[in-house]
Amino acid sequence: MFAKLIVTACLCAIIAFAFACGINTVSREELEAVKPGAILTYRYRKSDNKEWFYSDKITRIDGDTIYYNASKNESTKGSDARIKEFDTTQELSIKKEVLLKYADEQGEEKKKIIWIE
């Protein structure tokens with residue numbers, strides 16, 4: 001009886017862990033559907049091995065080019081409101097095909113878009 005309880009608890013923990021790992025992910029389909037006004041939040045690792053966050057706000061889309069304002073700040077907390085303060089003095093751009101790569105971790109920093117608002 002006790003062994004069944006332990007096995008059940010372990011299975012529940014494994015299932016919960018599997019669902020939790022998918023919480024901070026954005027699919028390629030979601031990235032393909034971004035619209036002006038959307039805020040993309042990125043997670044990445046610096047050489048100190050801490051996770052850092054920043055955001056980009058999409059200003060417009062012209063063909064396969066996405067224009068955006070970058071956040072003025074980065075933070076070790078994804079919920080930090082300062083990462084949603086954008087530099088509106090310059091508009092940056094990225095090709096849609098490059099943006100779509102960030103549905104998966106990229107490069108040494110393991111940079112990835114974790115949510116869209």
# chains A, B, ... in the order shown; residues from 1 in each chain; ligands from 1
>>> residues_around(residues="stretch 41-57 of chain A", least_positions_apart="4", cutoff="10 Å", atoms="only C-alpha atoms", output="PyMOL selection string")
chain A and resi 24+26+35-37+67-80+82-88+91-92+102-103+105-117
>>> atom_distance(atom1="atom CA of A:Ser27", atom2="atom CA of A:Leu40")
12.4 Å
>>> atom_distance(atom1="atom CA of A:Gly63", atom2="atom CA of A:Asp104")
23.0 Å
>>> atom_distance(atom1="atom CA of A:Arg28", atom2="atom CA of A:Lys101")
8.0 Å
>>> select_by_dssp(residues="stretch 12-117 of chain A", states="alpha helix (DSSP H)", output="PyMOL selection string")
chain A and resi 12-21+28-32+96-100
>>> write_last_selection(atoms="N, CA and C atoms", output="PDB file, in the first residue's frame")
ATOM      1  N   CYS A  12       2.983  11.718 -10.211  1.00  0.00           N
ATOM      2  CA  CYS A  12       2.378  13.056 -10.179  1.00  0.00           C
ATOM      3  C   CYS A  12       3.443  14.144 -10.263  1.00  0.00           C
ATOM      4  N   ALA A  13       4.546  13.951  -9.562  1.00  0.00           N
ATOM      5  CA  ALA A  13       5.644  14.923  -9.595  1.00  0.00           C
ATOM      6  C   ALA A  13       6.249  15.015 -10.991  1.00  0.00           C
ATOM      7  N   ILE A  14       6.417  13.889 -11.649  1.00  0.00           N
ATOM      8  CA  ILE A  14       6.978  13.879 -13.011  1.00  0.00           C
ATOM      9  C   ILE A  14       6.040  14.588 -13.976  1.00  0.00           C
ATOM     10  N   ILE A  15       4.758  14.337 -13.879  1.00  0.00           N
ATOM     11  CA  ILE A  15       3.778  14.979 -14.759  1.00  0.00           C
ATOM     12  C   ILE A  15       3.747  16.483 -14.504  1.00  0.00           C
ATOM     13  N   ALA A  16       3.752  16.889 -13.243  1.00  0.00           N
ATOM     14  CA  ALA A  16       3.753  18.316 -12.901  1.00  0.00           C
ATOM     15  C   ALA A  16       5.000  19.006 -13.437  1.00  0.00           C
ATOM     16  N   PHE A  17       6.140  18.354 -13.327  1.00  0.00           N
ATOM     17  CA  PHE A  17       7.395  18.915 -13.833  1.00  0.00           C
ATOM     18  C   PHE A  17       7.340  19.082 -15.347  1.00  0.00           C
ATOM     19  N   ALA A  18       6.795  18.097 -16.038  1.00  0.00           N
ATOM     20  CA  ALA A  18       6.699  18.158 -17.499  1.00  0.00           C
ATOM     21  C   ALA A  18       5.821  19.328 -17.939  1.00  0.00           C
ATOM     22  N   PHE A  19       4.705  19.551 -17.250  1.00  0.00           N
ATOM     23  CA  PHE A  19       3.841  20.684 -17.587  1.00  0.00           C
ATOM     24  C   PHE A  19       4.510  22.010 -17.258  1.00  0.00           C
ATOM     25  N   ALA A  20       5.218  22.081 -16.154  1.00  0.00           N
ATOM     26  CA  ALA A  20       5.887  23.321 -15.750  1.00  0.00           C
ATOM     27  C   ALA A  20       6.975  23.714 -16.733  1.00  0.00           C
ATOM     28  N   CYS A  21       7.649  22.768 -17.326  1.00  0.00           N
ATOM     29  CA  CYS A  21       8.711  23.077 -18.287  1.00  0.00           C
ATOM     30  C   CYS A  21       8.151  23.754 -19.534  1.00  0.00           C
ATOM     31  N   ARG A  28       6.333  28.465 -32.589  1.00  0.00           N
ATOM     32  CA  ARG A  28       6.645  29.114 -33.867  1.00  0.00           C
ATOM     33  C   ARG A  28       5.376  29.736 -34.455  1.00  0.00           C
ATOM     34  N   GLU A  29       4.248  29.060 -34.314  1.00  0.00           N
ATOM     35  CA  GLU A  29       2.974  29.565 -34.829  1.00  0.00           C
ATOM     36  C   GLU A  29       2.582  30.863 -34.139  1.00  0.00           C
ATOM     37  N   GLU A  30       2.813  30.956 -32.830  1.00  0.00           N
ATOM     38  CA  GLU A  30       2.505  32.189 -32.101  1.00  0.00           C
ATOM     39  C   GLU A  30       3.393  33.336 -32.584  1.00  0.00           C
ATOM     40  N   LEU A  31       4.662  33.043 -32.841  1.00  0.00           N
ATOM     41  CA  LEU A  31       5.570  34.075 -33.346  1.00  0.00           C
ATOM     42  C   LEU A  31       5.192  34.508 -34.761  1.00  0.00           C
ATOM     43  N   GLU A  32       4.743  33.583 -35.583  1.00  0.00           N
ATOM     44  CA  GLU A  32       4.324  33.929 -36.941  1.00  0.00           C
ATOM     45  C   GLU A  32       3.118  34.865 -36.937  1.00  0.00           C
ATOM     46  N   LYS A  96      11.680  38.406 -40.133  1.00  0.00           N
ATOM     47  CA  LYS A  96      10.763  37.454 -39.507  1.00  0.00           C
ATOM     48  C   LYS A  96      11.403  36.076 -39.357  1.00  0.00           C
ATOM     49  N   GLU A  97      12.173  35.628 -40.354  1.00  0.00           N
ATOM     50  CA  GLU A  97      12.799  34.307 -40.281  1.00  0.00           C
ATOM     51  C   GLU A  97      13.792  34.224 -39.125  1.00  0.00           C
ATOM     52  N   VAL A  98      14.449  35.321 -38.793  1.00  0.00           N
ATOM     53  CA  VAL A  98      15.378  35.337 -37.657  1.00  0.00           C
ATOM     54  C   VAL A  98      14.592  35.299 -36.351  1.00  0.00           C
ATOM     55  N   LEU A  99      13.526  36.096 -36.271  1.00  0.00           N
ATOM     56  CA  LEU A  99      12.694  36.110 -35.064  1.00  0.00           C
ATOM     57  C   LEU A  99      12.129  34.728 -34.765  1.00  0.00           C
ATOM     58  N   LEU A 100      11.714  34.005 -35.793  1.00  0.00           N
ATOM     59  CA  LEU A 100      11.112  32.685 -35.605  1.00  0.00           C
ATOM     60  C   LEU A 100      12.074  31.691 -34.963  1.00  0.00           C
TER      61      LEU A 100
END
>>> select_by_dssp(residues="stretch 10-100 of chain A", states="strand (DSSP E)", output="MDAnalysis selection string")
chainID A and resid 39:45 51:62 65:70 92:95
